[in-house]
Amino acid sequence: MRTPWLTLVRLFSIYGLAGWLLSFYHATPAIWLGIEFLILYLAWVGTGAIALAIVGSMGIIGAGVLTSEVPDHLAGVSLPLNQAQVWALMLILSWVWALFVIWKLAFAVRYLRLMGWQRSQVFFIVFLIVNLGLKLGQALELRLL
Amino acid sequence: MKLTSEETGVVPTGYASRSPAYYLSTMQPEILQSLYPEQLAEFERILAEAIPKPAPKLVDLRFVIDLIVSRFYVVLFIGKDRRAKQRRYIPDRLTRIGNAIVVLLILLSANLAISGFILLAGYLLKSAIGIDLFPGHFPAVVKRFFGG
């Protein structure tokens, strides 16, 4: 079943995990800013923003490749992989997650507009919900809650 | 008065899959009924000939790029070329130059994006498999290179 409110709850949860991931990687303010621009663009445009948002996600993951170290949080976890493999696998999974969240946000915007919501209404609500999700994910990772 | 799809029993479908019967159903009913079977058959034959029969496409990719100030659509078809004659589209010199510049910019951007994607995905997959081409962690090598 799909309703506008359920769509917003899903968006909130999906972006909560994204916020947790970004905080886990110690994303720099520049990366956070880049993500905010992508969210603004997707929330306003919808599905027409997917192509450029995918290119944007590539830039963000590229920045992650250049700047991210193997997260310290995994130091105590014993995996049958070396550190570089864990680092690469986590970045691949983050990239897949980034594509998924882009897709979900773009189609949520389209769905809400199809439900008769005004463009500006969709923009403000989606922007708010997504940012609340990101902040909650960040706060959970930093154990602020 | 035109007949509706319910009255004719012909469901209007996508442009590419419209049949002669569909076009005939859009005729004025009085005119349609006044046609002899031979005339109707001839109309059907001509319509069948006129309806475009696009070649099957191996790749049929269509998407929209919305730049907020303007929207563009991108279409990529790949299929067997069955055209026997030359295309009759001959643009003027200025249009040709403009087209060439735009095509060059689009191809360069697409090339850059696709190359970036392949390099990034290839590098991450290589690292995930455990192939180590250079000593040390890549971000550390980059930082050292820039004197960090």
# chains A, B, ... in the order shown; residues from 1 in each chain; ligands from 1

$ interface_residues --of "chain B" --to "chain A" --cutoff "8 Å" --atoms "only C-alpha atoms" --output "ChimeraX atom specification"
/B:63-68,113,116-117,120-121,124-125,127-130,137-139,142

$ write_last_selection --atoms "N, CA and C atoms" --output "PDB file, in the first residue's frame"
ATOM      1  N   PHE B  63      15.557   9.565 -21.573  1.00  0.00           N
ATOM      2  CA  PHE B  63      15.408  10.181 -20.263  1.00  0.00           C
ATOM      3  C   PHE B  63      15.446  11.704 -20.379  1.00  0.00           C
ATOM      4  N   VAL B  64      15.042  12.351 -19.292  1.00  0.00           N
ATOM      5  CA  VAL B  64      14.957  13.813 -19.273  1.00  0.00           C
ATOM      6  C   VAL B  64      16.032  14.353 -18.347  1.00  0.00           C
ATOM      7  N   ILE B  65      16.678  15.436 -18.767  1.00  0.00           N
ATOM      8  CA  ILE B  65      17.607  16.139 -17.879  1.00  0.00           C
ATOM      9  C   ILE B  65      17.005  17.522 -17.640  1.00  0.00           C
ATOM     10  N   ASP B  66      16.659  17.763 -16.394  1.00  0.00           N
ATOM     11  CA  ASP B  66      16.023  19.026 -16.030  1.00  0.00           C
ATOM     12  C   ASP B  66      17.058  19.916 -15.355  1.00  0.00           C
ATOM     13  N   LEU B  67      17.388  21.032 -16.009  1.00  0.00           N
ATOM     14  CA  LEU B  67      18.383  21.947 -15.441  1.00  0.00           C
ATOM     15  C   LEU B  67      17.710  23.121 -14.719  1.00  0.00           C
ATOM     16  N   ILE B  68      16.496  22.957 -14.316  1.00  0.00           N
ATOM     17  CA  ILE B  68      15.644  23.949 -13.639  1.00  0.00           C
ATOM     18  C   ILE B  68      15.279  25.091 -14.597  1.00  0.00           C
ATOM     19  N   ALA B 113      32.006  11.519 -17.828  1.00  0.00           N
ATOM     20  CA  ALA B 113      31.170  10.887 -16.790  1.00  0.00           C
ATOM     21  C   ALA B 113      31.320   9.368 -16.851  1.00  0.00           C
ATOM     22  N   GLY B 116      34.830   8.337 -15.752  1.00  0.00           N
ATOM     23  CA  GLY B 116      34.917   8.471 -14.294  1.00  0.00           C
ATOM     24  C   GLY B 116      34.235   7.298 -13.603  1.00  0.00           C
ATOM     25  N   PHE B 117      33.056   6.949 -14.114  1.00  0.00           N
ATOM     26  CA  PHE B 117      32.289   5.840 -13.542  1.00  0.00           C
ATOM     27  C   PHE B 117      33.079   4.537 -13.649  1.00  0.00           C
ATOM     28  N   LEU B 120      36.267   4.615 -11.378  1.00  0.00           N
ATOM     29  CA  LEU B 120      35.923   4.528  -9.952  1.00  0.00           C
ATOM     30  C   LEU B 120      35.435   3.121  -9.595  1.00  0.00           C
ATOM     31  N   ALA B 121      34.499   2.606 -10.426  1.00  0.00           N
ATOM     32  CA  ALA B 121      33.954   1.267 -10.163  1.00  0.00           C
ATOM     33  C   ALA B 121      35.061   0.226 -10.299  1.00  0.00           C
ATOM     34  N   LEU B 124      37.424   0.419  -7.234  1.00  0.00           N
ATOM     35  CA  LEU B 124      36.811  -0.125  -6.010  1.00  0.00           C
ATOM     36  C   LEU B 124      36.668  -1.648  -6.087  1.00  0.00           C
ATOM     37  N   LEU B 125      36.276  -2.152  -7.276  1.00  0.00           N
ATOM     38  CA  LEU B 125      36.125  -3.608  -7.428  1.00  0.00           C
ATOM     39  C   LEU B 125      37.477  -4.305  -7.286  1.00  0.00           C
ATOM     40  N   SER B 127      40.028  -3.270  -5.585  1.00  0.00           N
ATOM     41  CA  SER B 127      40.411  -3.252  -4.166  1.00  0.00           C
ATOM     42  C   SER B 127      39.584  -4.255  -3.366  1.00  0.00           C
ATOM     43  N   ALA B 128      38.291  -4.377  -3.725  1.00  0.00           N
ATOM     44  CA  ALA B 128      37.418  -5.300  -2.988  1.00  0.00           C
ATOM     45  C   ALA B 128      37.845  -6.751  -3.214  1.00  0.00           C
ATOM     46  N   ILE B 129      38.315  -7.045  -4.422  1.00  0.00           N
ATOM     47  CA  ILE B 129      38.761  -8.414  -4.724  1.00  0.00           C
ATOM     48  C   ILE B 129      40.077  -8.709  -3.974  1.00  0.00           C
ATOM     49  N   GLY B 130      40.823  -7.650  -3.708  1.00  0.00           N
ATOM     50  CA  GLY B 130      42.074  -7.838  -2.966  1.00  0.00           C
ATOM     51  C   GLY B 130      43.314  -7.712  -3.829  1.00  0.00           C
ATOM     52  N   HIS B 137      47.824   2.639   1.132  1.00  0.00           N
ATOM     53  CA  HIS B 137      46.406   2.949   0.918  1.00  0.00           C
ATOM     54  C   HIS B 137      46.303   4.165   0.002  1.00  0.00           C
ATOM     55  N   PHE B 138      45.423   4.107  -0.995  1.00  0.00           N
ATOM     56  CA  PHE B 138      45.349   5.147  -2.028  1.00  0.00           C
ATOM     57  C   PHE B 138      45.189   6.567  -1.475  1.00  0.00           C
ATOM     58  N   PRO B 139      44.248   6.812  -0.537  1.00  0.00           N
ATOM     59  CA  PRO B 139      44.126   8.177   0.011  1.00  0.00           C
ATOM     60  C   PRO B 139      45.439   8.658   0.644  1.00  0.00           C
ATOM     61  N   VAL B 142      47.768   9.695  -2.085  1.00  0.00           N
ATOM     62  CA  VAL B 142      47.352  11.007  -2.623  1.00  0.00           C
ATOM     63  C   VAL B 142      47.806  12.124  -1.688  1.00  0.00           C
TER      64      VAL B 142
END

$ residues_around --residues "Ala108 of chain A" --least-positions-apart "5" --cutoff "10 Å" --atoms "only C-alpha atoms" --output "PyMOL selection string"
chain A and resi 4+7-8+10-11+42-43+46-47+102-103+113-114+122+126

$ atom_distance --atom1 "atom CA of Ser70 of chain B" --atom2 "atom CA of Leu107 of chain B"
19.6 Å

$ residues_around --residues "Gly79 of chain B" --least-positions-apart "2" --cutoff "7 Å" --atoms "only C-alpha atoms" --output "MDAnalysis selection string"
chainID B and resid 56:59 77 81

$ write_last_selection --atoms "all heavy atoms" --output "compact mmCIF listing (two decimals), in the first residue's frame"
# COMPACT_ATOMS: atom_id res chain seq x y z
N PRO B 56 13.62 -2.90 -35.14
CA PRO B 56 13.77 -3.22 -33.71
C PRO B 56 15.09 -2.66 -33.18
O PRO B 56 16.10 -2.69 -33.88
CB PRO B 56 13.76 -4.75 -33.69
CG PRO B 56 14.01 -5.18 -35.08
CD PRO B 56 13.59 -4.08 -35.98
N LYS B 57 15.03 -2.12 -31.98
CA LYS B 57 16.23 -1.47 -31.43
C LYS B 57 16.90 -2.34 -30.37
O LYS B 57 16.23 -2.92 -29.54
CB LYS B 57 15.84 -0.12 -30.82
CG LYS B 57 15.51 0.88 -31.90
CD LYS B 57 14.61 1.98 -31.41
CE LYS B 57 14.14 2.81 -32.58
NZ LYS B 57 13.03 2.18 -33.32
N LEU B 58 18.22 -2.38 -30.47
CA LEU B 58 18.98 -3.13 -29.46
C LEU B 58 19.02 -2.32 -28.16
O LEU B 58 18.96 -2.86 -27.07
CB LEU B 58 20.41 -3.38 -29.95
CG LEU B 58 20.52 -4.21 -31.23
CD1 LEU B 58 21.94 -4.20 -31.75
CD2 LEU B 58 20.07 -5.64 -30.95
N VAL B 59 19.14 -0.99 -28.31
CA VAL B 59 19.13 -0.09 -27.14
C VAL B 59 18.09 0.99 -27.40
O VAL B 59 18.07 1.58 -28.49
CB VAL B 59 20.51 0.55 -26.93
CG1 VAL B 59 20.48 1.57 -25.80
CG2 VAL B 59 21.57 -0.49 -26.66
N PHE B 77 19.23 5.54 -29.44
CA PHE B 77 18.79 4.32 -30.11
C PHE B 77 20.00 3.64 -30.72
O PHE B 77 20.83 4.31 -31.34
CB PHE B 77 17.84 4.65 -31.27
CG PHE B 77 16.48 5.15 -30.87
CD1 PHE B 77 15.74 5.94 -31.73
CD2 PHE B 77 15.93 4.81 -29.65
CE1 PHE B 77 14.49 6.39 -31.38
CE2 PHE B 77 14.68 5.27 -29.29
CZ PHE B 77 13.95 6.06 -30.16
N ASP B 81 21.03 -0.51 -39.20
CA ASP B 81 20.63 0.52 -40.16
C ASP B 81 20.11 -0.15 -41.43
O ASP B 81 20.85 -0.87 -42.10
CB ASP B 81 21.84 1.41 -40.48
CG ASP B 81 21.42 2.61 -41.31
OD1 ASP B 81 20.19 2.87 -41.39
OD2 ASP B 81 22.29 3.27 -41.88

$ atom_distance --atom1 "atom CA of Glu141 of chain A" --atom2 "atom CA of Trp20 of chain A"
5.4 Å

$ atom_distance --atom1 "atom CA of Ile78 of chain B" --atom2 "atom CA of Arg18 of chain B"
22.8 Å

$ closest_residue --among "A:Ile60, A:Leu93, A:Leu144, A:Ala18" --to "Phe37 of chain A" --atoms "only C-alpha atoms"
A:Ile60
